[in-house]
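**Student:** Okay, so here is structure-v5.csv, and as you'll see once you scroll down, it has CSV, C-alpha atoms.
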chain,number,residue,atom,x,y,z
A,124,MET,CA,96.8,132.8,86.3
A,125,ASP,CA,96.8,134.2,82.7
A,126,ASP,CA,98.4,133.3,79.5
A,127,VAL,CA,101.7,135.1,80.3
A,128,ASP,CA,102.0,133.0,83.5
A,129,ARG,CA,101.3,129.9,81.5
A,130,GLU,CA,104.0,130.8,79.0
A,131,ILE,CA,106.4,131.4,81.9
A,132,LEU,CA,105.6,128.0,83.3
A,133,ALA,CA,106.0,126.3,79.9
A,134,GLU,CA,109.3,128.0,79.3
A,135,LEU,CA,110.7,127.1,82.7
A,136,GLN,CA,109.7,123.5,82.2
A,137,ARG,CA,111.6,123.5,78.9
A,138,ASP,CA,114.7,125.2,80.3
A,139,GLY,CA,114.8,126.0,84.1
A,140,ARG,CA,118.3,127.4,83.9
A,141,GLN,CA,117.6,130.3,81.6
A,142,THR,CA,118.2,133.8,83.0
A,143,ILE,CA,115.3,136.1,83.9
A,144,THR,CA,116.3,138.2,80.9
A,145,GLU,CA,116.1,135.2,78.6
A,146,LEU,CA,112.8,134.2,80.1
A,147,ALA,CA,111.3,137.7,79.8
A,148,GLU,CA,112.4,137.8,76.1
A,149,ARG,CA,110.8,134.5,75.3
A,150,VAL,CA,107.5,135.3,76.9
A,151,ARG,CA,107.6,138.9,75.5
A,152,VAL,CA,107.3,140.9,78.7
A,153,SER,CA,109.7,143.3,80.5
A,154,VAL,CA,112.3,141.8,82.9
A,155,SER,CA,110.7,143.5,85.9
A,156,ARG,CA,107.2,142.2,85.0
A,157,CYS,CA,108.6,138.7,84.4
A,158,GLN,CA,110.4,138.7,87.7
A,159,ARG,CA,107.3,139.8,89.6
A,160,ARG,CA,105.2,137.1,88.0
A,161,LEU,CA,107.9,134.5,88.6
A,162,ARG,CA,108.2,135.3,92.3
A,163,GLU,CA,104.4,135.2,92.6
A,164,LEU,CA,104.3,131.7,90.9
A,165,GLU,CA,106.9,130.6,93.4
A,166,ARG,CA,105.2,132.2,96.4
A,167,SER,CA,101.8,130.7,95.6
A,168,GLY,CA,103.3,127.2,95.2
A,169,VAL,CA,102.6,126.8,91.5
A,170,ILE,CA,106.3,126.4,91.1
A,171,SER,CA,107.4,124.0,93.8
A,172,GLY,CA,111.1,123.9,93.0
A,173,TYR,CA,113.9,123.6,90.5
A,174,HIS,CA,116.1,120.5,89.8
A,175,ALA,CA,118.5,118.9,87.4
A,176,THR,CA,117.4,115.7,85.6
A,177,LEU,CA,120.1,113.1,85.7
A,178,ASN,CA,120.8,110.2,83.3
A,179,GLY,CA,120.7,107.1,85.6
A,180,ALA,CA,123.0,105.0,83.5
A,181,ALA,CA,125.6,107.8,83.5
A,182,VAL,CA,125.7,107.9,87.3
A,183,GLY,CA,125.7,104.1,87.6
A,184,LEU,CA,122.0,103.6,88.3
A,185,GLY,CA,120.8,102.3,84.9
A,186,PHE,CA,118.7,99.4,86.2
A,187,GLU,CA,115.1,100.6,86.8
A,188,VAL,CA,112.3,98.6,88.3
A,189,LEU,CA,108.6,99.4,88.9
A,190,VAL,CA,107.4,97.8,92.1
A,191,PHE,CA,103.8,97.2,92.9
A,192,VAL,CA,103.2,97.0,96.7
A,193,HIS,CA,100.2,95.3,98.3
A,194,LEU,CA,99.8,96.0,102.0
A,195,ARG,CA,98.2,93.8,104.7
A,196,HIS,CA,96.1,96.6,106.3
A,197,GLY,CA,95.5,100.3,105.5
A,198,ASP,CA,95.0,102.1,108.7
A,199,ARG,CA,96.7,105.5,109.2
A,200,GLU,CA,99.5,104.3,111.5
A,201,GLN,CA,100.5,101.5,109.2
A,202,LEU,CA,100.4,103.8,106.2
A,203,THR,CA,102.6,106.3,108.0
A,204,ALA,CA,105.1,103.6,109.0
A,205,PHE,CA,105.3,102.3,105.5
A,206,ASP,CA,105.7,105.9,104.1
A,207,GLU,CA,108.5,106.6,106.6
A,208,GLY,CA,110.2,103.4,105.7
A,209,LEU,CA,110.1,104.3,102.0
A,210,ALA,CA,111.5,107.7,102.6
A,211,ALA,CA,114.6,106.1,104.1
A,212,ILE,CA,115.4,104.1,100.9
A,213,PRO,CA,117.2,106.5,98.5
A,214,GLU,CA,116.9,104.0,95.6
A,215,VAL,CA,113.2,104.6,95.7
A,216,ILE,CA,113.1,107.7,93.5
A,217,GLN,CA,109.3,107.9,93.2
A,218,ALA,CA,106.5,106.5,95.2
A,219,GLU,CA,102.7,106.9,94.6
A,220,ARG,CA,100.0,105.7,97.0
A,221,LEU,CA,97.1,104.5,94.8
A,222,PHE,CA,93.4,104.0,95.2
A,223,GLY,CA,92.5,100.3,94.6
A,224,THR,CA,95.0,97.6,94.0
A,225,PRO,CA,98.0,97.7,94.3
A,226,ASP,CA,98.4,100.1,97.2
A,227,TYR,CA,101.6,101.7,96.0
A,228,LEU,CA,103.6,102.0,92.8
A,229,LEU,CA,107.4,102.6,93.3
A,230,ARG,CA,110.1,103.5,90.8
A,231,VAL,CA,113.4,102.1,92.0
A,232,VAL,CA,116.9,102.5,90.5
A,233,THR,CA,120.0,100.4,91.2
A,234,GLU,CA,123.2,99.5,89.5
A,235,ASP,CA,122.1,96.1,88.2
A,236,LEU,CA,119.9,93.0,88.9
A,237,ASP,CA,122.1,91.8,91.8
A,238,ALA,CA,121.9,95.1,93.5
A,239,TYR,CA,118.1,95.2,93.0
A,240,GLN,CA,117.8,91.7,94.5
A,241,ARG,CA,119.7,92.8,97.6
A,242,LEU,CA,117.6,95.9,97.9
A,243,PHE,CA,114.4,93.9,97.5
A,244,GLU,CA,115.3,91.3,100.1
A,245,ASP,CA,117.0,93.6,102.6
A,246,LYS,CA,114.9,96.7,102.5
A,247,LEU,CA,111.7,96.5,100.4
A,248,ALA,CA,110.5,93.2,101.7
A,249,THR,CA,111.2,94.2,105.3
A,250,LEU,CA,109.1,97.4,105.2
A,251,PRO,CA,106.2,97.5,107.7
A,252,ASN,CA,102.9,96.0,106.7
A,253,VAL,CA,104.0,94.6,103.3
A,254,ASN,CA,101.9,91.7,102.1
A,255,GLN,CA,103.2,91.3,98.5
A,256,LEU,CA,105.7,92.9,96.2
A,257,SER,CA,105.6,92.5,92.4
A,258,SER,CA,108.5,93.8,90.3
A,259,THR,CA,108.6,94.7,86.6
A,260,ILE,CA,111.9,95.6,85.0
A,261,VAL,CA,111.8,98.7,82.8
A,262,MET,CA,112.9,97.8,79.3
A,263,LYS,CA,112.9,101.2,77.7
A,264,ARG,CA,111.8,104.6,78.8
A,265,VAL,CA,109.5,105.7,76.0
A,266,ILE,CA,108.5,109.1,77.5
A,267,ALA,CA,110.8,110.6,80.1
A,268,THR,CA,109.3,113.0,82.6
A,269,ARG,CA,107.7,115.6,80.4
A,270,PRO,CA,106.6,119.1,81.1
A,271,MET,CA,103.1,119.6,82.7
A,272,PRO,CA,100.7,120.7,79.9
A,273,VAL,CA,99.7,124.3,80.7
A,274,GLN,CA,96.2,125.1,79.5
A,275,GLY,CA,95.6,128.6,78.2
A,276,THR,CA,92.4,130.6,78.6
A,277,ASN,CA,91.3,129.3,75.2
A,278,GLY,CA,91.7,125.7,76.4
A,279,CYS,CA,94.8,125.1,74.3
A,280,VAL,CA,98.1,124.0,75.6
A,281,THR,CA,100.6,126.8,75.7
A,282,SER,CA,103.2,126.2,73.0
A,283,ILE,CA,106.8,127.5,72.8
A,284,THR,CA,107.7,129.2,69.5
A,285,ALA,CA,111.2,129.8,68.2
A,286,ASP,CA,110.4,133.5,67.4
A,287,PRO,CA,109.3,135.4,70.5
A,288,GLY,CA,107.5,138.0,68.4
A,289,PRO,CA,106.7,141.5,69.5
A,290,SER,CA,107.0,142.6,73.1
A,291,ARG,CA,104.0,142.9,75.4
A,292,THR,CA,103.5,146.1,77.3
A,293,GLY,CA,103.5,146.2,81.1
As C-alpha cells, what does this structure read like?
**Tutor:**
Amino acid sequence: MDDVDREILAELQRDGRQTITELAERVRVSVSRCQRRLRELERSGVISGYHATLNGAAVGLGFEVLVFVHLRHGDREQLTAFDEGLAAIPEVIQAERLFGTPDYLLRVVTEDLDAYQRLFEDKLATLPNVNQLSSTIVMKRVIATRPMPVQGTNGCVTSITADPGPSRTG
C-alpha cells in the first residue's frame, strides 16, 4: 500500500458515495488507475464494505446505552452461545469482546428508557452465561464514528485538501 492507496482510503471514508471520476480527480490519478487500485483494495479486504450512517433520533432510536457484560464462564461453547444470542438482537448495534473485565461492551439503541428496560429484561438478561449487566446511558456523542487514520510512508496521517493539485502520471 502506497500513499495513493492511502489517499483513496481517506477520500472514501470522507465520502463513500463519490463517483470513481471524482475520486480519481481528488487523489490526482487517472480514472483507470484509480479503479484498478480501488478494486485491489476491495479484493484484498482493506475495504470491507460500504454503508450509510444513520441518525438514530431521526429513525426513532435516539436512546443509546453502553452495556458492560460480565459472563460466568469463558469456555468456547459458552462464548459462541453468547455471541449467537447477541447476533439475534438487532438493537445491539455494536459488540466487542474484551480482554479483562468486563467481558463484553455493547452499544444498544432503543426508542426510549421504557423500551430499553424491556430489552434489558426480556433479551439481554436472558442471554446464555450472563452473570452481570451494567448499563450506562449515553448523554452526548462527542465523537461520532470517525474515519480510520491512514498513515503515509512518512508516518503522517493522509490529509484531504480542497485543491487536488496537479495530476499524477500512471
**Student:** Would you kindly return, as a PDB file with C-alpha atoms, in the frame of the given file, each protein, DNA or RNA residue with an atom no farther than 10 Å from any atom of Gly179 of chain A, considering all atoms listed in the file and excluding same-chain residues fewer than 5 positions away?
**Tutor:**
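Written file, result.pdb:
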ATOM      1  CA  LEU A 184     122.000 103.600  88.300  1.00  0.00           C
ATOM      2  CA  GLY A 185     120.800 102.300  84.900  1.00  0.00           C
ATOM      3  CA  PHE A 186     118.700  99.400  86.200  1.00  0.00           C
ATOM      4  CA  GLU A 187     115.100 100.600  86.800  1.00  0.00           C
ATOM      5  CA  VAL A 232     116.900 102.500  90.500  1.00  0.00           C
ATOM      6  CA  THR A 233     120.000 100.400  91.200  1.00  0.00           C
ATOM      7  CA  GLU A 234     123.200  99.500  89.500  1.00  0.00           C
TER       8      GLU A 234
END
**Student:** Find the residue from A:Glu214, A:Asp237, A:Glu165, A:Asp128 that sits nearest to Ala147 of chain A; use all atoms listed in the file when measuring.
**Tutor:**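 Once distances to Ala147 of chain A are computed over all atoms listed in the file, the minimum belongs to A:Asp128.
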**Student:** Give me, as a list in words, all polymer residues having an atom no more than 9 Å from segment 133-142 of chain A, counting all atoms listed in the file and skipping those fewer than 5 positions away in the same chain.
**Tutor:** Asp128, Ala147, Arg149, Val150, Tyr173, His174, Ala175, Arg269, Pro270, Met271, Pro272, Val273, Thr281, Ser282 and Ile283 of chain A
**Student:** As an exercise, work out the distance from atom CA of Leu228 of chain A to atom CA of Val182 of chain A in Å and give it to one decimal place.
**Tutor:**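 Answer for the atom CA of Leu228 of chain A to atom CA of Val182 of chain A separation: 23.5 Å.
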**Student:** Tell me, as a JSON list (two decimals) with C-alpha atoms, in the frame of the given file, which residues lie within 6 Å of Tyr227 of chain A, counting only C-alpha atoms; anything in the same chain fewer than 6 positions away does not count.
**Tutor:**
[["chain", "number", "residue", "atom", "x", "y", "z"],
["A", 191, "PHE", "CA", 103.80, 97.20, 92.90],
["A", 192, "VAL", "CA", 103.20, 97.00, 96.70],
["A", 219, "GLU", "CA", 102.70, 106.90, 94.60],
["A", 220, "ARG", "CA", 100.00, 105.70, 97.00],
["A", 221, "LEU", "CA", 97.10, 104.50, 94.80]]
**Student:** Do you know which residues lie at most 6 Å from (111.1, 103.9, 93.7), with coordinates as in the file and all atoms listed in the file counted, and could you write them as number ranges by chain?
**Tutor:** A: 215-218, 229-231
**Student:** From the set A:Val190, A:Leu146, A:Cys157, A:Ile131, which residue has the shortest atom-to-atom contact distance to Ile170 of chain A, counting only C-alpha atoms?
**Tutor:**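 Of A:Val190, A:Leu146, A:Cys157, A:Ile131, the one nearest Ile170 of chain A, counting only C-alpha atoms, is A:Ile131.
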